[in-house]
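Colleague: Let me give you the structure first, and then I'll get to my questions.
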Amino acid sequence: MSADPALRIAPLDWDTRFFGFAIGALTLEGVPPAPAIRAAADAARARAFRLLVVSDAADGSGAVLASLGARRVDTKVDFAAAVRPATLPRGIKAIPAAPAPADREALDALALASGAHSRFRTDPRFGEAAWTRLYRAWMDNSVSGTVADAVLVHRDAGRITGLATIRACGNREARIGLLAVAADRRGRGIGAALIDAVHRWASDRDLRTILVATQQDNAGACRFYQGTGFEVSARLAIHHLWLD
């Protein structure tokens, strides 16, 4: 069977360059017939993709994907909250583009903490070296302004103990990229203070909505966002299908 043209495979160019092998994305709308999914996988293999990231919006094709050897690596949960007035909490400010070495070490540690439930970590085919390199690069690109407009940090006695990266999107929206609190400082309101700082940042720019995504398996993060005024806007099952 030839590939269904509706099941279009999109190259993930950044991922391909970063990891050094061809990665493609396949989005399933509704529940396509099993032969169509198999044909799409064959087409990806013929195009020399090594990994196919399959997003199953209806969460109805898991059995077919599993029969092809795919692994469910994430259920992405999208959250949204209306921007509200907020005072910038004490101890929080934006970090400069060239942080001090001690700050750089703290930022990297927090970035890795934020990726504890990432699909790049839960999929053993990537390995620890690959996913940690990814999150350090994410932090580098956030500080440099490539993927974030600001990196807000909380300090305690001079030490960075929490961070939130934020960028403005279209439709008057802001998106949180990374958010983490040091393990020995959790439960002290730092995360909620960072959310207040994000609201203040967004309000100052006349934005209306704050978006953030996490993993369903990260129950603590899901509770945290719901407890700070966010509501679930979407869920998405994500599978990794290795083709080598």
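Each chain of the structure tokens is named A, B, ... in the order shown, its residues numbered from 1; ligands are numbered from 1 in display order.
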With a distance cut-off of 9 Å and only C-alpha atoms, select the neighbouring residues of segment 218-222 of chain A, excluding the residue or stretch itself and same-chain residues fewer than 2 positions from it, and output the selection as a ChimeraX atom specification.

Modeller: /A:77,79,116-117,214-216,224-227,232

Colleague: Please identify the helix (DSSP H, G or I) residues within segment 66-167 of chain A (assignment by DSSP from backbone atoms) and present them as a PyMOL selection string.

Modeller: chain A and resi 66-67+101-114+119-122+127-143

Colleague: Give me a file of those residues, with N, CA and C atoms, as an mmCIF file, in the first residue's frame.

Modeller:
```
data_model
loop_
_atom_site.group_PDB
_atom_site.id
_atom_site.type_symbol
_atom_site.label_atom_id
_atom_site.label_comp_id
_atom_site.auth_asym_id
_atom_site.auth_seq_id
_atom_site.Cartn_x
_atom_site.Cartn_y
_atom_site.Cartn_z
ATOM 1 N N ALA A 66 2.480 0.158 18.539
ATOM 2 C CA ALA A 66 3.236 -0.827 19.321
ATOM 3 C C ALA A 66 3.586 -2.040 18.477
ATOM 4 N N SER A 67 2.672 -2.433 17.576
ATOM 5 C CA SER A 67 2.945 -3.587 16.719
ATOM 6 C C SER A 67 4.090 -3.313 15.755
ATOM 7 N N PRO A 101 30.278 32.051 36.299
ATOM 8 C CA PRO A 101 30.437 30.585 36.263
ATOM 9 C C PRO A 101 29.591 29.843 37.293
ATOM 10 N N ALA A 102 29.513 30.360 38.524
ATOM 11 C CA ALA A 102 28.702 29.683 39.543
ATOM 12 C C ALA A 102 27.231 29.698 39.168
ATOM 13 N N ASP A 103 26.777 30.815 38.593
ATOM 14 C CA ASP A 103 25.394 30.898 38.139
ATOM 15 C C ASP A 103 25.155 29.941 36.977
ATOM 16 N N ARG A 104 26.118 29.844 36.079
ATOM 17 C CA ARG A 104 25.985 28.948 34.931
ATOM 18 C C ARG A 104 25.823 27.501 35.389
ATOM 19 N N GLU A 105 26.576 27.106 36.403
ATOM 20 C CA GLU A 105 26.467 25.749 36.948
ATOM 21 C C GLU A 105 25.093 25.510 37.563
ATOM 22 N N ALA A 106 24.582 26.500 38.285
ATOM 23 C CA ALA A 106 23.257 26.376 38.901
ATOM 24 C C ALA A 106 22.167 26.311 37.838
ATOM 25 N N LEU A 107 22.297 27.107 36.783
ATOM 26 C CA LEU A 107 21.310 27.095 35.706
ATOM 27 C C LEU A 107 21.282 25.735 35.012
ATOM 28 N N ASP A 108 22.453 25.164 34.757
ATOM 29 C CA ASP A 108 22.507 23.849 34.114
ATOM 30 C C ASP A 108 21.851 22.787 34.986
ATOM 31 N N ALA A 109 22.127 22.835 36.291
ATOM 32 C CA ALA A 109 21.536 21.847 37.204
ATOM 33 C C ALA A 109 20.013 21.955 37.207
ATOM 34 N N LEU A 110 19.495 23.162 37.186
ATOM 35 C CA LEU A 110 18.045 23.351 37.171
ATOM 36 C C LEU A 110 17.446 22.928 35.835
ATOM 37 N N ALA A 111 18.163 23.191 34.753
ATOM 38 C CA ALA A 111 17.676 22.750 33.441
ATOM 39 C C ALA A 111 17.554 21.235 33.407
ATOM 40 N N LEU A 112 18.550 20.523 33.936
ATOM 41 C CA LEU A 112 18.493 19.063 33.962
ATOM 42 C C LEU A 112 17.358 18.580 34.859
ATOM 43 N N ALA A 113 17.133 19.267 35.972
ATOM 44 C CA ALA A 113 16.019 18.890 36.850
ATOM 45 C C ALA A 113 14.690 19.028 36.130
ATOM 46 N N SER A 114 14.568 20.043 35.285
ATOM 47 C CA SER A 114 13.308 20.257 34.569
ATOM 48 C C SER A 114 13.066 19.172 33.530
ATOM 49 N N ARG A 119 10.749 13.026 27.342
ATOM 50 C CA ARG A 119 10.778 11.836 26.489
ATOM 51 C C ARG A 119 12.196 11.506 26.047
ATOM 52 N N PHE A 120 13.068 12.503 26.010
ATOM 53 C CA PHE A 120 14.452 12.241 25.639
ATOM 54 C C PHE A 120 15.193 11.505 26.746
ATOM 55 N N ARG A 121 14.682 11.631 27.970
ATOM 56 C CA ARG A 121 15.282 10.872 29.071
ATOM 57 C C ARG A 121 14.619 9.506 29.234
ATOM 58 N N THR A 122 13.310 9.444 29.042
ATOM 59 C CA THR A 122 12.609 8.178 29.265
ATOM 60 C C THR A 122 12.861 7.179 28.143
ATOM 61 N N GLY A 127 19.895 7.861 25.616
ATOM 62 C CA GLY A 127 20.985 7.769 26.579
ATOM 63 C C GLY A 127 21.178 9.069 27.345
ATOM 64 N N GLU A 128 21.837 8.953 28.492
ATOM 65 C CA GLU A 128 21.986 10.102 29.391
ATOM 66 C C GLU A 128 22.807 11.225 28.758
ATOM 67 N N ALA A 129 23.871 10.874 28.044
ATOM 68 C CA ALA A 129 24.725 11.918 27.466
ATOM 69 C C ALA A 129 23.947 12.791 26.494
ATOM 70 N N ALA A 130 23.056 12.180 25.712
ATOM 71 C CA ALA A 130 22.313 12.930 24.696
ATOM 72 C C ALA A 130 21.283 13.854 25.328
ATOM 73 N N TRP A 131 20.498 13.343 26.284
ATOM 74 C CA TRP A 131 19.430 14.198 26.815
ATOM 75 C C TRP A 131 20.001 15.305 27.697
ATOM 76 N N THR A 132 21.097 15.028 28.419
ATOM 77 C CA THR A 132 21.687 16.094 29.234
ATOM 78 C C THR A 132 22.313 17.169 28.344
ATOM 79 N N ARG A 133 22.916 16.759 27.243
ATOM 80 C CA ARG A 133 23.454 17.739 26.296
ATOM 81 C C ARG A 133 22.333 18.603 25.726
ATOM 82 N N LEU A 134 21.175 17.983 25.457
ATOM 83 C CA LEU A 134 20.031 18.723 24.937
ATOM 84 C C LEU A 134 19.575 19.795 25.914
ATOM 85 N N TYR A 135 19.430 19.443 27.181
ATOM 86 C CA TYR A 135 18.913 20.411 28.148
ATOM 87 C C TYR A 135 19.937 21.491 28.476
ATOM 88 N N ARG A 136 21.219 21.162 28.427
ATOM 89 C CA ARG A 136 22.233 22.212 28.587
ATOM 90 C C ARG A 136 22.179 23.175 27.399
ATOM 91 N N ALA A 137 21.978 22.623 26.199
ATOM 92 C CA ALA A 137 21.849 23.486 25.022
ATOM 93 C C ALA A 137 20.600 24.358 25.134
ATOM 94 N N TRP A 138 19.517 23.795 25.647
ATOM 95 C CA TRP A 138 18.288 24.564 25.848
ATOM 96 C C TRP A 138 18.555 25.748 26.782
ATOM 97 N N MET A 139 19.335 25.470 27.853
ATOM 98 C CA MET A 139 19.655 26.545 28.779
ATOM 99 C C MET A 139 20.540 27.581 28.116
ATOM 100 N N ASP A 140 21.550 27.140 27.356
ATOM 101 C CA ASP A 140 22.416 28.065 26.625
ATOM 102 C C ASP A 140 21.596 28.964 25.705
ATOM 103 N N ASN A 141 20.690 28.355 24.953
ATOM 104 C CA ASN A 141 19.894 29.107 23.983
ATOM 105 C C ASN A 141 18.871 30.017 24.656
ATOM 106 N N SER A 142 18.479 29.673 25.867
ATOM 107 C CA SER A 142 17.581 30.553 26.621
ATOM 108 C C SER A 142 18.324 31.787 27.115
ATOM 109 N N VAL A 143 19.498 31.572 27.700
ATOM 110 C CA VAL A 143 20.287 32.697 28.218
ATOM 111 C C VAL A 143 20.711 33.634 27.090
#
```

Colleague: Could you list, with a cut-off of 9 Å and counting only C-alpha atoms, the residues of segment 63-100 of chain A near segment 23-41 of chain A, each shown with its nearest atom pair and the distance in Å rounded to one decimal, rows sorted by chain and ascending number, as a tab-separated table?

Modeller:
```
residue	atom	partner	partner_atom	distance
A:Val64	CA	A:Ala34	CA	6.1
A:Leu65	CA	A:Ile37	CA	7.9
A:Leu68	CA	A:Arg38	CA	7.5
```

Colleague: Residues as selected, N, CA and C atoms, written as an mmCIF file, in the first residue's frame, can you do that?

Modeller:
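New file part22.cif:
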```cif
data_model
loop_
_atom_site.group_PDB
_atom_site.id
_atom_site.type_symbol
_atom_site.label_atom_id
_atom_site.label_comp_id
_atom_site.auth_asym_id
_atom_site.auth_seq_id
_atom_site.Cartn_x
_atom_site.Cartn_y
_atom_site.Cartn_z
ATOM 1 N N VAL A 64 -1.531 -0.191 17.120
ATOM 2 C CA VAL A 64 -0.879 -0.316 15.811
ATOM 3 C C VAL A 64 0.576 0.127 15.904
ATOM 4 N N LEU A 65 0.817 1.240 16.570
ATOM 5 C CA LEU A 65 2.177 1.734 16.704
ATOM 6 C C LEU A 65 3.044 0.753 17.489
ATOM 7 N N LEU A 68 4.356 -2.031 15.491
ATOM 8 C CA LEU A 68 5.473 -1.646 14.633
ATOM 9 C C LEU A 68 6.770 -1.465 15.411
#
```

Colleague: I'd like to know which residues of segment 145-209 of chain A are strand (DSSP E or B) (by DSSP, run on the backbone); could you write them as a list in words?

Modeller: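 Restricting segment 145-209 of chain A to strand (DSSP E or B) produces Ala150, Val151, Leu152, Val153, His154, Arg155, Asp156, Arg159, Ile160, Thr161, Gly162, Leu163, Ala164, Thr165, Ile166, Arg167, Ala168, Glu173, Ala174, Arg175, Ile176, Gly177, Leu178, Leu179, Ala180, Val181 and Thr209 of chain A.
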
Colleague: Have a look at A:Leu163, A:Ala82, A:Leu207, A:Ala94 and name the one nearest to Ala182 of chain A; count only C-alpha atoms.

Modeller: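 Residue with the minimum atom-to-atom distance to Ala182 of chain A: A:Leu163.
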
Colleague: Near segment 187-198 of chain A, counting only C-alpha atoms, which residues have an atom at most 10 Å away, once you skip same-chain residues fewer than 3 positions from it, shown as an MDAnalysis selection string?

Modeller: chainID A and resid 83:94 150:156 161:167 174:176 179:184 201:204 210 224:225 227:229
